[in-house]
Structures are given as C-alpha cells and as structure tokens.
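Below is one structure, written out as structure tokens; comments come after it.
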Amino acid sequence: MEFIGPLLTEDHTKAMMERSRESWKKRGYGRFAVEISESATTIGFIGLALTRIETHFAPAVEIGWRLATESWGSGYATEGALAVKDYALAELGLTEIVSFTSEVNLRSRRVMEKIGLRRNPTDDFDHPSISEGNPLHRNVLYRKLNISHS
C-alpha cells in the first residue's frame, strides 16, 4: 500500500471483495487472488475493475495489482498482469485497458511497461482523491488499445 494509501480496514477489504464479486457477475471480469502454489499462500490480487475516480479517461477498465511487500521483485505482478491483459483483450474483446499509479511508483510503472502498456505524458493527471502536496497526488496513465477489436 506504499503508493496507494493506508492499509484497508477489514470492512473496506470486504467491500472491495464484494465489488469484485459483483463485477464478475455483471461484466465477466474482476480481481483474481494471487497464490503461491508451493505454499498455498495468498499474496494479493491482480485483475480488472471499472475505474472509480472522476477523470478525463473514465469510464475505463483498469488493470491493477496489490501484492504483499515480501513478494515484490519476484515477477508475480508482471506474470499475472500479462495474463490478465491478454484475457482482457483476447477473451473479453475489450477495446482498451488502462492502468495508473502515482508518478513516484517506479515498480508498478515498470510492470505497466513490461506488459505492453504505453504512456502519453499528456494523459497524466492529478488524482482527485489525493490532496495537493502529497507525493501520490500526481499520477501517470498507461494504456493498451486492442487494435484487432477497435
């Protein structure tokens, strides 16, 4: 949660899980739990969601991830996000997916680039839910267009 905000309370976590379940029912996509198969340890999620903030690119389908700190740098985010991106474009036939993060979140930005999302600096924006002066306020937007379905 270093670049997203404070840790979620149990109630906030339950609400997020319920939104994901509803998304699967309504839209055919949502968040996947990420589990280390050798240990059966859940380390977070990777998946798709409708963007919940008011900004110039909304409405949009966002690909995102949250993984336990101890799993960072192991390639799980890239591997999972690549599979989710391929699912979104090939199986769901989405015309575009987006991903965004604070400007200072270099690890997530590298994942976005590794999975083939591209940034146009003119799309960058100030996050409407984060106060000015906070280092997480300025956000970068990455996109992937599905040329075969546009």
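Scheme for the structure tokens: letters A, B, ... for chains in order shown; per-chain residue numbers from 1; ligand numbers from 1 in order shown.
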Would you tabulate, counting only C-alpha atoms, all residues of stretch 3-39 of chain A that have an atom at most 12 Å from an atom of stretch 74-78 of chain A, showing the closest pair of atoms and their distance in Å to one decimal, sorted by chain then ascending number, as CSV?
residue,atom,partner,partner_atom,distance
A:Phe32,CA,A:Ala77,CA,11.8
A:Ala33,CA,A:Tyr76,CA,11.7
A:Val34,CA,A:Tyr76,CA,8.3
A:Glu35,CA,A:Tyr76,CA,9.6
A:Ile36,CA,A:Tyr76,CA,9.2
A:Ser37,CA,A:Tyr76,CA,11.9
Among the residues of chain A, find those DSSP assigns to helix (DSSP H, G or I) from the backbone and print them as a PyMOL selection string.
chain A and resi 10-27+69-71+76-91+106-114+121-123+147-149
Do a neighbour search on stretch 100-109 of chain A at 9 Å with only C-alpha atoms, toss out local chain neighbours closer than 4 positions, and write the hits as a count of residues only.
24
Considering only C-alpha atoms, return as a PyMOL selection string whatever protein or nucleic-acid residues lie within 10 Å of A:Glu54, sequence-local ones (same chain, fewer than 4 positions apart) excluded.
chain A and resi 58-59+127-129
For a test of reading the model, state the distance in Å between atom CA of A:Arg110 and atom CA of A:Thr41, rounded to one decimal.
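Interatomic distance here is 24.8 Å.
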For each of A:Ile97, A:Leu82, A:Ala90, A:Ala60, take the minimum atom-to-atom distance to A:Ile115, counting only C-alpha atoms, then give the residue where this is smallest.
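Nearest candidate to A:Ile115 out of A:Ile97, A:Leu82, A:Ala90, A:Ala60: A:Leu82.
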Run DSSP on the backbone and tell me which residues of stretch 56-137 of chain A come out as strand (DSSP E); list them as a count of residues only.
18
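Of note, atom CA of A:Lys144 and atom CA of A:Thr95 are spaced 8.5 Å apart.
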Would you tabulate, counting only C-alpha atoms, all residues of stretch 7-36 of chain A that have an atom at most 12 Å from an atom of stretch 85-88 of chain A, showing the closest pair of atoms and their distance in Å to one decimal, sorted by chain then ascending number, as a Markdown table?
| residue | atom | partner | partner_atom | distance |
| --- | --- | --- | --- | --- |
| A:Arg27 | CA | A:Ala88 | CA | 11.3 |
| A:Gly28 | CA | A:Ala88 | CA | 9.9 |
| A:Tyr29 | CA | A:Ala88 | CA | 8.2 |
| A:Gly30 | CA | A:Ala88 | CA | 10.3 |
| A:Arg31 | CA | A:Ala88 | CA | 11.9 |
| A:Phe32 | CA | A:Tyr87 | CA | 11.9 |
Write a file of the selected residues as a PDB file, in the first residue's frame, keeping all heavy atoms.
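Output saved as again-v2.pdb:
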ATOM      1  N   ARG A  27     -20.067  -8.246 -15.399  1.00  0.00           N
ATOM      2  CA  ARG A  27     -19.211  -7.910 -16.532  1.00  0.00           C
ATOM      3  C   ARG A  27     -18.336  -9.045 -17.037  1.00  0.00           C
ATOM      4  O   ARG A  27     -17.737  -8.942 -18.090  1.00  0.00           O
ATOM      5  CB  ARG A  27     -18.315  -6.725 -16.147  1.00  0.00           C
ATOM      6  CG  ARG A  27     -19.096  -5.489 -15.799  1.00  0.00           C
ATOM      7  CD  ARG A  27     -18.170  -4.353 -15.357  1.00  0.00           C
ATOM      8  NE  ARG A  27     -18.981  -3.294 -14.796  1.00  0.00           N
ATOM      9  CZ  ARG A  27     -19.271  -3.159 -13.504  1.00  0.00           C
ATOM     10  NH1 ARG A  27     -18.767  -4.003 -12.621  1.00  0.00           N
ATOM     11  NH2 ARG A  27     -20.033  -2.178 -13.087  1.00  0.00           N
ATOM     12  N   GLY A  28     -18.209 -10.092 -16.232  1.00  0.00           N
ATOM     13  CA  GLY A  28     -17.352 -11.209 -16.643  1.00  0.00           C
ATOM     14  C   GLY A  28     -15.885 -10.992 -16.338  1.00  0.00           C
ATOM     15  O   GLY A  28     -15.023 -11.712 -16.842  1.00  0.00           O
ATOM     16  N   TYR A  29     -15.593 -10.011 -15.494  1.00  0.00           N
ATOM     17  CA  TYR A  29     -14.212  -9.798 -15.053  1.00  0.00           C
ATOM     18  C   TYR A  29     -14.206  -9.212 -13.659  1.00  0.00           C
ATOM     19  O   TYR A  29     -15.208  -8.712 -13.166  1.00  0.00           O
ATOM     20  CB  TYR A  29     -13.415  -8.921 -16.019  1.00  0.00           C
ATOM     21  CG  TYR A  29     -13.950  -7.513 -16.205  1.00  0.00           C
ATOM     22  CD1 TYR A  29     -13.714  -6.520 -15.255  1.00  0.00           C
ATOM     23  CD2 TYR A  29     -14.677  -7.171 -17.330  1.00  0.00           C
ATOM     24  CE1 TYR A  29     -14.192  -5.228 -15.423  1.00  0.00           C
ATOM     25  CE2 TYR A  29     -15.157  -5.882 -17.515  1.00  0.00           C
ATOM     26  CZ  TYR A  29     -14.913  -4.920 -16.560  1.00  0.00           C
ATOM     27  OH  TYR A  29     -15.388  -3.642 -16.726  1.00  0.00           O
ATOM     28  N   GLY A  30     -13.040  -9.291 -13.037  1.00  0.00           N
ATOM     29  CA  GLY A  30     -12.847  -8.767 -11.692  1.00  0.00           C
ATOM     30  C   GLY A  30     -11.419  -9.023 -11.262  1.00  0.00           C
ATOM     31  O   GLY A  30     -10.511  -9.045 -12.091  1.00  0.00           O
ATOM     32  N   ARG A  31     -11.242  -9.270  -9.985  1.00  0.00           N
ATOM     33  CA  ARG A  31      -9.896  -9.493  -9.446  1.00  0.00           C
ATOM     34  C   ARG A  31      -9.665 -10.985  -9.209  1.00  0.00           C
ATOM     35  O   ARG A  31     -10.558 -11.693  -8.757  1.00  0.00           O
ATOM     36  CB  ARG A  31      -9.743  -8.724  -8.141  1.00  0.00           C
ATOM     37  CG  ARG A  31      -9.805  -7.232  -8.361  1.00  0.00           C
ATOM     38  CD  ARG A  31      -9.682  -6.472  -7.045  1.00  0.00           C
ATOM     39  NE  ARG A  31      -9.528  -5.070  -7.291  1.00  0.00           N
ATOM     40  CZ  ARG A  31     -10.487  -4.168  -7.069  1.00  0.00           C
ATOM     41  NH1 ARG A  31     -11.653  -4.546  -6.601  1.00  0.00           N
ATOM     42  NH2 ARG A  31     -10.268  -2.893  -7.325  1.00  0.00           N
ATOM     43  N   PHE A  32      -8.449 -11.424  -9.512  1.00  0.00           N
ATOM     44  CA  PHE A  32      -8.015 -12.791  -9.237  1.00  0.00           C
ATOM     45  C   PHE A  32      -7.137 -12.778  -7.998  1.00  0.00           C
ATOM     46  O   PHE A  32      -6.240 -11.932  -7.885  1.00  0.00           O
ATOM     47  CB  PHE A  32      -7.155 -13.344 -10.386  1.00  0.00           C
ATOM     48  CG  PHE A  32      -7.873 -13.514 -11.691  1.00  0.00           C
ATOM     49  CD1 PHE A  32      -7.873 -12.500 -12.642  1.00  0.00           C
ATOM     50  CD2 PHE A  32      -8.533 -14.695 -11.976  1.00  0.00           C
ATOM     51  CE1 PHE A  32      -8.506 -12.660 -13.849  1.00  0.00           C
ATOM     52  CE2 PHE A  32      -9.181 -14.868 -13.192  1.00  0.00           C
ATOM     53  CZ  PHE A  32      -9.172 -13.848 -14.126  1.00  0.00           C
TER      54      PHE A  32
END
